[in-house]
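*Asks:* For reference, the file entry-v1.txt (compact mmCIF, C-alpha atoms and all ligand atoms) is included below:
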# COMPACT_ATOMS: atom_id res chain seq x y z
CA MET A 1 -124.34 225.19 -77.47
CA ASP A 2 -122.29 222.27 -78.73
CA ALA A 3 -124.93 219.53 -78.70
CA LEU A 4 -123.81 215.95 -78.11
CA ILE A 5 -127.26 214.39 -77.96
CA VAL A 6 -130.40 215.86 -79.51
CA ALA A 7 -133.58 213.80 -79.21
CA ARG A 8 -136.83 215.05 -80.71
CA GLY A 9 -140.41 213.88 -80.33
CA LEU A 10 -139.60 210.43 -78.95
CA HIS A 11 -142.40 207.88 -78.72
CA THR A 12 -141.28 204.50 -77.43
CA TYR A 13 -143.36 201.37 -76.91
CA TYR A 14 -142.91 197.95 -75.34
CA GLY A 15 -145.29 195.93 -77.48
CA PRO A 16 -148.65 197.68 -77.11
CA SER A 17 -147.57 199.76 -74.07
CA HIS A 18 -146.97 203.36 -75.04
CA ILE A 19 -144.21 204.50 -72.64
CA LEU A 20 -142.48 207.64 -73.95
CA ARG A 21 -145.05 210.14 -75.19
CA GLY A 22 -143.30 212.84 -77.14
CA ILE A 23 -140.04 213.59 -75.37
CA ASP A 24 -137.47 216.21 -76.41
CA PHE A 25 -134.13 215.83 -74.65
CA ASN A 26 -130.73 217.45 -75.24
CA VAL A 27 -127.28 216.99 -73.79
CA GLY A 28 -124.75 219.75 -74.40
CA ARG A 29 -120.99 219.50 -74.08
CA GLY A 30 -119.87 219.58 -70.46
CA GLU A 31 -123.42 219.52 -69.08
CA THR A 32 -124.51 217.43 -66.10
CA ILE A 33 -128.20 216.59 -66.31
CA GLY A 34 -130.40 215.05 -63.63
CA LEU A 35 -133.25 212.87 -64.86
CA MET A 36 -135.97 212.38 -62.24
CA GLY A 37 -139.43 210.99 -61.75
CA ARG A 38 -141.22 208.37 -59.70
CA ASN A 39 -140.99 204.64 -60.39
CA GLY A 40 -142.18 203.55 -63.79
CA MET A 41 -142.33 207.04 -65.35
CA GLY A 42 -139.97 206.18 -68.20
CA LYS A 43 -136.51 207.31 -67.08
CA SER A 44 -134.73 204.07 -67.93
CA THR A 45 -136.75 203.76 -71.14
CA LEU A 46 -135.57 207.22 -72.22
CA LEU A 47 -131.93 206.23 -71.58
CA LYS A 48 -132.42 202.96 -73.50
CA THR A 49 -134.00 204.85 -76.37
CA LEU A 50 -131.04 207.25 -76.53
CA MET A 51 -128.65 204.26 -76.51
CA GLY A 52 -130.51 202.45 -79.30
CA LEU A 53 -131.44 199.54 -77.00
CA VAL A 54 -135.14 200.21 -77.59
CA PRO A 55 -135.75 202.02 -80.88
CA PRO A 56 -138.41 204.75 -80.81
CA ARG A 57 -141.52 204.25 -82.95
CA GLU A 58 -141.57 207.99 -83.65
CA GLY A 59 -139.04 210.77 -83.26
CA SER A 60 -135.28 211.00 -83.74
CA VAL A 61 -132.00 210.72 -81.88
CA ALA A 62 -128.94 212.58 -83.16
CA ILE A 63 -125.52 212.05 -81.61
CA GLN A 64 -122.79 214.57 -82.38
CA GLY A 65 -124.88 215.77 -85.30
CA ARG A 66 -125.42 212.33 -86.81
CA ASP A 67 -128.86 210.80 -87.09
CA MET A 68 -128.66 207.61 -85.03
CA THR A 69 -132.36 206.79 -84.88
CA GLY A 70 -132.77 203.03 -85.02
CA ARG A 71 -129.00 202.40 -85.02
CA PRO A 72 -127.66 199.65 -82.73
CA PRO A 73 -126.18 200.40 -79.28
CA TYR A 74 -122.60 199.62 -80.25
CA GLU A 75 -122.68 202.36 -82.88
CA VAL A 76 -124.02 204.82 -80.31
CA ALA A 77 -121.25 203.74 -77.93
CA GLN A 78 -118.66 204.28 -80.68
CA LEU A 79 -119.75 207.91 -80.89
CA GLY A 80 -118.67 208.31 -77.28
CA ILE A 81 -121.80 207.57 -75.26
CA ALA A 82 -121.10 205.28 -72.29
CA TYR A 83 -124.01 203.70 -70.47
CA VAL A 84 -124.08 202.21 -66.98
CA PRO A 85 -127.45 200.43 -66.72
CA GLU A 86 -129.60 199.82 -63.66
CA GLY A 87 -128.28 196.88 -61.66
CA ARG A 88 -124.65 196.00 -62.14
CA GLY A 89 -123.46 195.09 -65.60
CA ILE A 90 -120.06 193.66 -64.80
CA PHE A 91 -118.62 190.43 -66.12
CA GLY A 92 -118.68 188.28 -63.00
CA ASN A 93 -116.29 185.67 -64.34
CA LEU A 94 -113.67 188.24 -65.35
CA SER A 95 -111.30 189.83 -62.86
CA VAL A 96 -111.27 193.53 -62.03
CA VAL A 97 -108.21 194.01 -64.26
CA GLU A 98 -109.85 192.19 -67.16
CA ASN A 99 -113.12 194.09 -66.79
CA LEU A 100 -111.22 197.37 -67.02
CA LYS A 101 -108.71 196.52 -69.72
CA MET A 102 -111.25 195.06 -72.12
CA ALA A 103 -113.01 198.43 -72.24
CA ALA A 104 -109.95 200.56 -73.03
CA ARG A 105 -110.39 202.96 -75.92
CA PRO A 106 -108.19 205.99 -76.56
CA GLY A 107 -109.68 209.40 -75.91
CA ARG A 108 -110.18 211.98 -78.64
CA GLY A 109 -108.75 214.85 -76.63
CA PRO A 110 -105.13 215.44 -75.57
CA ARG A 111 -103.51 212.32 -74.15
CA ALA A 112 -102.98 213.92 -70.75
CA ASP A 113 -106.78 214.19 -70.31
CA SER A 114 -107.43 210.54 -71.13
CA TRP A 115 -108.85 208.03 -68.71
CA THR A 116 -106.29 205.27 -68.49
CA TYR A 117 -106.11 202.12 -66.40
CA GLU A 118 -103.80 203.94 -63.96
CA ARG A 119 -106.06 206.95 -63.65
CA VAL A 120 -109.13 204.82 -63.03
CA LEU A 121 -107.32 202.99 -60.22
CA GLU A 122 -106.23 206.29 -58.68
CA THR A 123 -109.84 207.42 -58.74
CA PHE A 124 -111.13 204.15 -57.25
CA PRO A 125 -108.51 203.07 -54.69
CA ARG A 126 -110.85 200.29 -53.48
CA LEU A 127 -110.57 198.59 -56.86
CA LYS A 128 -106.81 198.74 -56.70
CA GLU A 129 -106.86 196.47 -53.67
CA ARG A 130 -108.99 193.90 -55.53
CA LEU A 131 -107.42 193.69 -58.96
CA GLY A 132 -107.25 189.92 -59.12
CA HIS A 133 -110.70 189.36 -57.68
CA GLY A 134 -113.47 188.08 -59.92
CA GLY A 135 -116.32 190.46 -60.56
CA GLN A 136 -118.75 188.41 -58.52
CA GLN A 137 -116.51 188.51 -55.43
CA LEU A 138 -116.95 192.29 -55.18
CA SER A 139 -119.44 194.08 -52.93
CA GLY A 140 -122.32 195.95 -54.58
CA GLY A 141 -120.50 199.25 -54.20
CA GLU A 142 -117.28 197.87 -55.64
CA GLN A 143 -119.19 196.41 -58.58
CA GLN A 144 -120.71 199.81 -59.22
CA MET A 145 -117.26 201.42 -59.11
CA LEU A 146 -116.05 198.82 -61.56
CA THR A 147 -118.90 199.52 -64.01
CA ILE A 148 -118.23 203.26 -63.81
CA GLY A 149 -114.47 202.71 -64.12
CA ARG A 150 -115.04 200.53 -67.14
CA ALA A 151 -117.26 203.19 -68.73
CA LEU A 152 -114.54 205.80 -68.15
CA MET A 153 -111.96 203.54 -69.81
CA THR A 154 -113.86 204.09 -73.08
CA ASN A 155 -113.10 207.82 -72.74
CA PRO A 156 -116.69 208.85 -73.37
CA GLU A 157 -118.05 212.27 -74.28
CA VAL A 158 -121.23 211.48 -72.33
CA LEU A 159 -121.60 209.15 -69.36
CA ILE A 160 -125.11 207.88 -68.63
CA LEU A 161 -125.67 206.56 -65.10
CA ASP A 162 -128.96 204.85 -64.26
CA GLU A 163 -129.44 204.61 -60.46
CA ALA A 164 -125.75 204.18 -59.70
CA THR A 165 -126.22 204.64 -55.94
CA GLU A 166 -129.29 202.39 -55.63
CA GLY A 167 -129.06 200.02 -52.68
CA LEU A 168 -125.59 201.14 -51.62
CA ALA A 169 -124.55 201.96 -48.05
CA PRO A 170 -124.45 205.75 -47.46
CA LEU A 171 -120.66 205.92 -47.30
CA ILE A 172 -120.29 204.06 -50.59
CA ALA A 173 -123.01 206.17 -52.20
CA ARG A 174 -121.08 209.25 -51.10
CA ASP A 175 -118.02 207.89 -52.86
CA ILE A 176 -120.04 207.47 -56.08
CA TRP A 177 -121.22 211.09 -55.78
CA ARG A 178 -117.61 212.20 -55.32
CA ILE A 179 -116.77 210.40 -58.55
CA CYS A 180 -119.70 212.06 -60.34
CA GLU A 181 -118.24 215.42 -59.33
CA LEU A 182 -114.80 214.40 -60.58
CA ILE A 183 -116.30 213.33 -63.90
CA ARG A 184 -118.11 216.64 -64.13
CA ALA A 185 -114.91 218.56 -63.36
CA SER A 186 -113.09 216.60 -66.06
CA GLY A 187 -115.50 218.05 -68.66
CA ILE A 188 -117.37 214.84 -69.51
CA SER A 189 -121.12 215.38 -69.90
CA SER A 190 -123.38 213.16 -67.86
CA VAL A 191 -126.99 212.14 -67.53
CA ILE A 192 -127.70 210.86 -64.03
CA VAL A 193 -130.83 209.13 -62.77
CA ASP A 194 -130.99 208.97 -58.99
CA LYS A 195 -133.65 208.88 -56.29
CA ASN A 196 -131.60 211.24 -54.10
CA TRP A 197 -132.80 214.50 -55.66
CA LYS A 198 -131.08 216.59 -52.99
CA HIS A 199 -127.66 215.27 -53.82
CA LEU A 200 -128.40 215.11 -57.53
CA THR A 201 -129.42 218.78 -57.81
CA ARG A 202 -126.19 219.78 -56.06
CA ILE A 203 -124.14 218.61 -59.02
CA THR A 204 -126.48 219.13 -62.00
CA ASP A 205 -126.69 222.06 -64.40
CA ARG A 206 -130.18 221.11 -65.55
CA ASN A 207 -132.86 218.73 -64.39
CA VAL A 208 -135.65 217.00 -66.25
CA ILE A 209 -138.66 215.43 -64.54
CA LEU A 210 -140.76 212.79 -66.29
CA VAL A 211 -144.35 211.87 -65.53
CA LYS A 212 -145.90 209.07 -67.57
CA GLY A 213 -143.42 209.40 -70.39
CA GLN A 214 -143.64 213.18 -70.73
CA VAL A 215 -141.38 216.01 -69.60
CA VAL A 216 -143.22 218.03 -66.94
CA PHE A 217 -140.27 220.11 -65.76
CA ALA A 218 -136.95 221.17 -67.25
CA GLY A 219 -134.80 223.71 -65.50
CA THR A 220 -131.83 224.48 -63.30
CA SER A 221 -131.42 223.17 -59.78
CA ASP A 222 -132.20 226.61 -58.35
CA GLU A 223 -135.39 226.80 -60.37
CA LEU A 224 -136.43 223.39 -59.10
CA ARG A 225 -135.65 224.11 -55.45
CA ALA A 226 -137.66 227.34 -55.71
CA GLN A 227 -140.76 225.24 -56.49
CA PRO A 228 -141.18 222.76 -53.63
CA ALA A 229 -144.75 222.10 -54.75
CA LEU A 230 -143.38 220.55 -57.94
CA LEU A 231 -141.05 218.31 -55.97
CA GLU A 232 -143.95 217.08 -53.92
CA GLN A 233 -146.28 216.66 -56.86
CA TYR A 234 -143.85 214.96 -59.23
CA LEU A 235 -141.37 213.21 -56.96
CA GLY A 236 -143.44 212.73 -53.82
CA VAL A 237 -140.86 214.33 -51.54
N1 LIG A 301 -139.03 195.40 -71.08
C1 LIG A 301 -140.23 195.91 -70.78
N2 LIG A 301 -141.37 195.37 -71.26
C2 LIG A 301 -142.59 195.89 -70.98
N3 LIG A 301 -142.77 196.97 -70.18
C3 LIG A 301 -141.68 197.55 -69.65
C4 LIG A 301 -140.36 197.04 -69.91
N4 LIG A 301 -139.47 197.82 -69.25
C5 LIG A 301 -140.21 198.76 -68.61
N5 LIG A 301 -141.52 198.61 -68.85
C6 LIG A 301 -142.61 199.47 -68.36
O1 LIG A 301 -142.39 200.77 -68.87
C7 LIG A 301 -142.70 201.76 -67.90
C8 LIG A 301 -141.50 202.66 -67.69
O2 LIG A 301 -140.44 201.89 -67.12
P1 LIG A 301 -139.00 202.48 -66.86
O3 LIG A 301 -138.16 201.35 -66.45
O4 LIG A 301 -138.58 203.30 -68.01
O5 LIG A 301 -139.31 203.45 -65.62
P2 LIG A 301 -138.32 204.19 -64.63
O6 LIG A 301 -138.77 205.61 -64.59
O7 LIG A 301 -136.92 203.91 -64.99
O8 LIG A 301 -138.68 203.51 -63.22
P3 LIG A 301 -137.75 203.10 -61.97
O9 LIG A 301 -137.59 204.35 -61.16
O10 LIG A 301 -138.57 202.08 -61.25
O11 LIG A 301 -136.46 202.56 -62.48
C9 LIG A 301 -143.15 201.00 -66.64
O12 LIG A 301 -144.55 200.98 -66.65
C10 LIG A 301 -142.57 199.63 -66.84
O13 LIG A 301 -143.38 198.67 -66.22
MG MG A 302 -135.40 202.91 -64.08
Taking this structure as input, can you express it in the form of structure tokens?
Ligand SMILES: Nc1ncnc2c1ncn2[C@@H]1O[C@H](COP(=O)(O)OP(=O)(O)OP(=O)(O)O)[C@@H](O)[C@H]1O
Ligand SMILES: [Mg+2]
*Replies:*
Amino acid sequence: MDALIVARGLHTYYGPSHILRGIDFNVGRGETIGLMGRNGMGKSTLLKTLMGLVPPREGSVAIQGRDMTGRPPYEVAQLGIAYVPEGRGIFGNLSVVENLKMAARPGRGPRADSWTYERVLETFPRLKERLGHGGQQLSGGEQQMLTIGRALMTNPEVLILDEATEGLAPLIARDIWRICELIRASGISSVIVDKNWKHLTRITDRNVILVKGQVVFAGTSDELRAQPALLEQYLGV
């Protein structure tokens, strides 16, 4: 498989706290991966380690075949990895238009497949109605759409979404899921963290469950659904 991200033997610490304890994690081209686990198990820390926001003390991260261990986040982003962190990372004092246009970066593929300003607005009609609004005047769901739209404007190879539907009204969350499916259909790989395992496993090719900084399950959605005891034990559902 054409590997976009290959992480091996990751150990990550915050000061003396040993959080990731030997994680292997791969993302192949076109794959949609669900990353699950209860609160505090290390999901966000794994994403931050892949992005170079928190360097691992041991192990390696390769992106598109290049060793990026210990490299800064902007270099990881330049290799086509877009990251939408927990909470909303928009620029509140910039307008919707400005938030989107500042992120624009041409795609590597054929031009027709590129995410452009126009295509993002077609995908998020709610944003179209609020172009001149400042980021902080948007609802939580609109802010989330703006962060995802901005990530798409960089024409990434991999989109990483950390709890994109957290705290959103069900209808808005459904819209975010629709967009995840669109992104999947467009061939962009994604890594999605979400508490809604039922919806998540509907759109993922593979799923990884973390417990205390270790991988305790890796497999397809069908394999996971066939083992309800695991869901109960590891996710508490
Ligand atoms: N900046 C930090 N400094 C110190 N400890 C941290 C820091 N960020 C996270 N931790 C700790 O690391 C552990 C893993 O946190 P992480 O945020 O990766 O978990 P998570 O699986 O994303 O949880 P959640 O589902 O609540 O988002 C937790 O025990 C958390 O308290
Ligand atoms: Mg988290």
*Asks:* I'd like a table as a tab-separated table: residues in chain A with an atom no more than 6 Å from ligand LIG 301 (chain A), each row giving the shortest atom pair and its distance in Å to one decimal, only C-alpha atoms and all ligand atoms counted, sorted by chain and rising residue number.
*Replies:*
residue	atom	partner	partner_atom	distance
A:Tyr14	CA	A:LIG301	C2	4.8
A:Ile19	CA	A:LIG301	O1	5.6
A:Arg38	CA	A:LIG301	O9	5.6
A:Asn39	CA	A:LIG301	O9	3.5
A:Gly40	CA	A:LIG301	O5	3.4
A:Met41	CA	A:LIG301	O6	3.9
A:Gly42	CA	A:LIG301	O4	3.2
A:Lys43	CA	A:LIG301	O6	3.8
A:Ser44	CA	A:LIG301	O7	3.7
A:Thr45	CA	A:LIG301	O4	3.7
*Asks:* Would you mind reading off the distance between CA of Pro106 (chain A) and CA of Ile172 (chain A), one decimal, in Å?
*Replies:*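 That distance, rounded to one decimal, is 28.7 Å.
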*Asks:* Restricting the calculation to only C-alpha atoms: of A:Gln78, A:Tyr117, A:Gly37, A:Leu168, which residue gets closest to Glu232 (chain A)?
*Replies:*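 Result for the nearest residue to Glu232 (chain A): A:Gly37.
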*Asks:* What is the distance between CA of Arg29 (chain A) and CA of Leu182 (chain A), in Å to one decimal?
*Replies:*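 Going from CA of Arg29 (chain A) over to CA of Leu182 (chain A), I get 15.7 Å.
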*Asks:* Considering all atoms listed in the file, can you say which of A:Ala151, A:Leu47, A:Met145, A:Leu53 comes closest to ligand MG 302 (chain A)?
*Replies:*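 Once distances to ligand MG 302 (chain A) are computed over all atoms listed in the file, the minimum belongs to A:Leu47.
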*Asks:* Output region 130-166 of chain A with N, CA and C atoms present, as a compact mmCIF listing (two decimals), keeping the file's coordinate frame.
*Replies:*
# COMPACT_ATOMS: atom_id res chain seq x y z
N ARG A 130 -108.27 195.12 -55.15
CA ARG A 130 -108.99 193.90 -55.53
C ARG A 130 -108.79 193.51 -56.99
N LEU A 131 -107.63 193.86 -57.52
CA LEU A 131 -107.42 193.69 -58.96
C LEU A 131 -107.61 192.27 -59.46
N GLY A 132 -107.17 191.30 -58.66
CA GLY A 132 -107.25 189.92 -59.12
C GLY A 132 -108.58 189.25 -58.80
N HIS A 133 -109.42 189.95 -58.06
CA HIS A 133 -110.70 189.36 -57.68
C HIS A 133 -111.62 189.23 -58.89
N GLY A 134 -112.45 188.21 -58.88
CA GLY A 134 -113.47 188.08 -59.92
C GLY A 134 -114.57 189.08 -59.64
N GLY A 135 -115.25 189.48 -60.70
CA GLY A 135 -116.32 190.46 -60.56
C GLY A 135 -117.34 190.08 -59.51
N GLN A 136 -117.67 188.77 -59.45
CA GLN A 136 -118.75 188.41 -58.52
C GLN A 136 -118.30 188.33 -57.07
N GLN A 137 -116.98 188.48 -56.82
CA GLN A 137 -116.51 188.51 -55.43
C GLN A 137 -116.55 189.92 -54.85
N LEU A 138 -116.94 190.90 -55.65
CA LEU A 138 -116.95 192.29 -55.18
C LEU A 138 -118.26 192.61 -54.46
N SER A 139 -118.21 193.59 -53.56
CA SER A 139 -119.44 194.08 -52.93
C SER A 139 -120.22 194.87 -53.96
N GLY A 140 -121.48 195.17 -53.65
CA GLY A 140 -122.32 195.95 -54.58
C GLY A 140 -121.68 197.28 -54.95
N GLY A 141 -121.12 197.95 -53.94
CA GLY A 141 -120.50 199.25 -54.20
C GLY A 141 -119.27 199.12 -55.08
N GLU A 142 -118.48 198.08 -54.83
CA GLU A 142 -117.28 197.87 -55.64
C GLU A 142 -117.66 197.51 -57.08
N GLN A 143 -118.72 196.74 -57.23
CA GLN A 143 -119.19 196.41 -58.58
C GLN A 143 -119.60 197.68 -59.31
N GLN A 144 -120.28 198.56 -58.59
CA GLN A 144 -120.71 199.81 -59.22
C GLN A 144 -119.50 200.65 -59.63
N MET A 145 -118.49 200.68 -58.76
CA MET A 145 -117.26 201.42 -59.11
C MET A 145 -116.60 200.81 -60.34
N LEU A 146 -116.66 199.50 -60.41
CA LEU A 146 -116.05 198.82 -61.56
C LEU A 146 -116.82 199.16 -62.84
N THR A 147 -118.15 199.20 -62.78
CA THR A 147 -118.90 199.52 -64.01
C THR A 147 -118.63 200.97 -64.44
N ILE A 148 -118.50 201.86 -63.46
CA ILE A 148 -118.23 203.26 -63.81
C ILE A 148 -116.80 203.38 -64.34
N GLY A 149 -115.86 202.69 -63.67
CA GLY A 149 -114.47 202.71 -64.12
C GLY A 149 -114.35 202.17 -65.53
N ARG A 150 -115.09 201.12 -65.80
CA ARG A 150 -115.04 200.53 -67.14
C ARG A 150 -115.61 201.49 -68.18
N ALA A 151 -116.69 202.19 -67.80
CA ALA A 151 -117.26 203.19 -68.73
C ALA A 151 -116.25 204.31 -68.99
N LEU A 152 -115.53 204.72 -67.96
CA LEU A 152 -114.54 205.80 -68.15
C LEU A 152 -113.39 205.36 -69.05
N MET A 153 -113.05 204.07 -68.98
CA MET A 153 -111.96 203.54 -69.81
C MET A 153 -112.26 203.68 -71.30
N THR A 154 -113.52 203.89 -71.66
CA THR A 154 -113.86 204.09 -73.08
C THR A 154 -113.69 205.56 -73.46
N ASN A 155 -113.27 206.38 -72.49
CA ASN A 155 -113.10 207.82 -72.74
C ASN A 155 -114.31 208.43 -73.44
N PRO A 156 -115.46 208.37 -72.75
CA PRO A 156 -116.69 208.85 -73.37
C PRO A 156 -116.81 210.36 -73.40
N GLU A 157 -117.68 210.84 -74.27
CA GLU A 157 -118.05 212.27 -74.28
C GLU A 157 -119.22 212.47 -73.31
N VAL A 158 -120.07 211.43 -73.23
CA VAL A 158 -121.23 211.48 -72.33
C VAL A 158 -121.27 210.19 -71.52
N LEU A 159 -121.45 210.32 -70.22
CA LEU A 159 -121.60 209.15 -69.36
C LEU A 159 -123.04 209.13 -68.85
N ILE A 160 -123.72 208.02 -69.06
CA ILE A 160 -125.11 207.88 -68.63
C ILE A 160 -125.15 206.91 -67.45
N LEU A 161 -125.63 207.39 -66.31
CA LEU A 161 -125.67 206.56 -65.10
C LEU A 161 -127.11 206.37 -64.65
N ASP A 162 -127.58 205.13 -64.67
CA ASP A 162 -128.96 204.85 -64.26
C ASP A 162 -128.95 204.25 -62.85
N GLU A 163 -129.33 205.05 -61.86
CA GLU A 163 -129.44 204.61 -60.46
C GLU A 163 -128.15 203.99 -59.93
N ALA A 164 -127.05 204.72 -60.10
CA ALA A 164 -125.75 204.18 -59.70
C ALA A 164 -125.63 204.00 -58.19
N THR A 165 -126.38 204.76 -57.39
CA THR A 165 -126.22 204.64 -55.94
C THR A 165 -127.30 203.75 -55.30
N GLU A 166 -128.17 203.21 -56.13
CA GLU A 166 -129.29 202.39 -55.63
C GLU A 166 -128.80 201.24 -54.75
